[in-house]
Every structure is written in structure tokens, then in C-alpha cells.
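Trainee: The structure under discussion is supplied below as C-alpha cells; questions concerning it will follow.
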Amino acid sequence: MATNDLLSRLPAEDQYLTRVEAAAYLRRSVPTLERWAAHGLGPAWRKVGGRVLYPLPSLRRFASGENPSGRPDQ
């Protein structure tokens, strides 16, 4: 099963995007997301196994202007 197929079957709150995918979703560059995270800006993220992942609902809130915090999700 392809990753996109698996993601489409999960509820939105259980979907996570990598920094590359999140940058594409927001139409920004990866360095921009890295800079935002370093300054506590941008969408919320979390680290899982050393990888930065962005919950899809967090990206949607940020894109709609609801969540300007780049602090990691707890």
C-alpha cells in the first residue's frame, strides 16, 4: 500500500507530514519552516524518532491564520 493511500484512510488528526511535505503544503521553502521553528513561529510540530513532523490539523490551522505558534505540539 502506498503512503498516500494509507494517509487518506487515517483521520486528519492522525496524519503527519514531514518538513518537506509541510513546506509544499504551505507553499513555502524548507529553510523557511526551519527558520520559523527556530524562532517559535510557524505551525506546531513534534519530533518523532529524530524527525520533525507536522500534524495535518496544525498545518490547516496555521494556513487559515488560527495558529501562529511554532512551538512543538505536546
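Convention: chains lettered A, B, ... in C-alpha cells order; per-chain residue numbering from 1; ligands numbered from 1 as shown.
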Write out as an MDAnalysis selection string the residues lying within 8 Å of stretch 54-57 of chain A, counting only C-alpha atoms and excluding same-chain residues fewer than 6 positions away.
Mentor: chainID A and resid 12:19 22 43:46
Trainee: Generate the output file for the selected residues, C-alpha atoms, as a tab-separated table (two decimals), in the first residue's frame.
Mentor:
chain	number	residue	atom	x	y	z
A	12	ALA	CA	-6.93	14.04	9.80
A	13	GLU	CA	-5.83	14.24	13.45
A	14	ASP	CA	-3.64	11.15	12.91
A	15	GLN	CA	-1.96	12.39	9.73
A	16	TYR	CA	1.55	13.83	9.92
A	17	LEU	CA	3.63	15.44	7.20
A	18	THR	CA	7.40	15.68	7.01
A	19	ARG	CA	9.00	19.12	6.84
A	22	ALA	CA	4.62	20.59	5.08
A	43	PRO	CA	2.80	25.71	12.53
A	44	ALA	CA	3.13	23.45	15.56
A	45	TRP	CA	5.35	20.41	15.08
A	46	ARG	CA	6.69	17.47	17.02
Trainee: Excluding A:Glu34 and any residue of its chain fewer than 5 positions from it, enumerate the residues within 10 Å of it, using only C-alpha atoms, and give them as a list of chain:residue names.
Mentor: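 The filter keeps A:Arg19, A:Ala23, A:Ser29, A:His39, A:Gly40, A:Leu41, A:Gly42, A:Val52.
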Trainee: Keeping all heavy atoms, export the residues of the selection given above as a short mmCIF file (atom, residue, chain, number, x, y, z; two decimals), in the first residue's frame.
Mentor:
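Saved to part_15.cif:
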data_model
loop_
_atom_site.label_atom_id
_atom_site.label_comp_id
_atom_site.auth_asym_id
_atom_site.auth_seq_id
_atom_site.Cartn_x
_atom_site.Cartn_y
_atom_site.Cartn_z
N ARG A 19 8.75 17.68 7.08
CA ARG A 19 9.00 19.12 6.84
C ARG A 19 8.94 19.43 5.35
O ARG A 19 8.42 20.48 4.95
CB ARG A 19 10.34 19.52 7.43
CG ARG A 19 10.57 21.01 7.33
CD ARG A 19 11.69 21.48 8.21
NE ARG A 19 11.15 21.79 9.53
CZ ARG A 19 11.88 21.89 10.63
NH1 ARG A 19 13.16 21.67 10.59
NH2 ARG A 19 11.32 22.19 11.77
N ALA A 23 6.22 21.99 3.89
CA ALA A 23 6.63 23.16 3.11
C ALA A 23 5.86 23.22 1.80
O ALA A 23 5.38 24.28 1.40
CB ALA A 23 8.14 23.11 2.84
N SER A 29 9.37 27.37 1.56
CA SER A 29 10.56 26.54 1.44
C SER A 29 10.85 25.84 2.77
O SER A 29 10.40 26.28 3.83
CB SER A 29 11.77 27.39 1.03
OG SER A 29 12.12 28.26 2.09
N HIS A 39 12.53 30.21 15.65
CA HIS A 39 12.07 31.44 16.28
C HIS A 39 10.72 31.28 16.97
O HIS A 39 10.13 32.27 17.40
CB HIS A 39 12.00 32.57 15.26
CG HIS A 39 13.34 32.96 14.72
ND1 HIS A 39 14.40 33.36 15.50
CD2 HIS A 39 13.80 32.99 13.44
CE1 HIS A 39 15.44 33.62 14.75
NE2 HIS A 39 15.11 33.40 13.49
N GLY A 40 10.23 30.05 17.07
CA GLY A 40 8.94 29.81 17.73
C GLY A 40 7.75 30.29 16.91
O GLY A 40 6.70 30.60 17.47
N LEU A 41 7.92 30.34 15.60
CA LEU A 41 6.85 30.76 14.71
C LEU A 41 6.41 29.57 13.86
O LEU A 41 6.96 28.49 13.97
CB LEU A 41 7.34 31.89 13.80
CG LEU A 41 7.90 33.11 14.51
CD1 LEU A 41 8.55 34.05 13.51
CD2 LEU A 41 6.80 33.82 15.28
N GLY A 42 5.45 29.79 13.01
CA GLY A 42 5.01 28.75 12.09
C GLY A 42 4.09 27.75 12.74
O GLY A 42 3.69 27.90 13.90
N VAL A 52 11.26 15.68 12.38
CA VAL A 52 10.26 16.72 12.62
C VAL A 52 9.03 16.39 11.79
O VAL A 52 9.13 16.20 10.57
CB VAL A 52 10.80 18.12 12.26
CG1 VAL A 52 9.72 19.17 12.35
CG2 VAL A 52 11.98 18.47 13.15
#
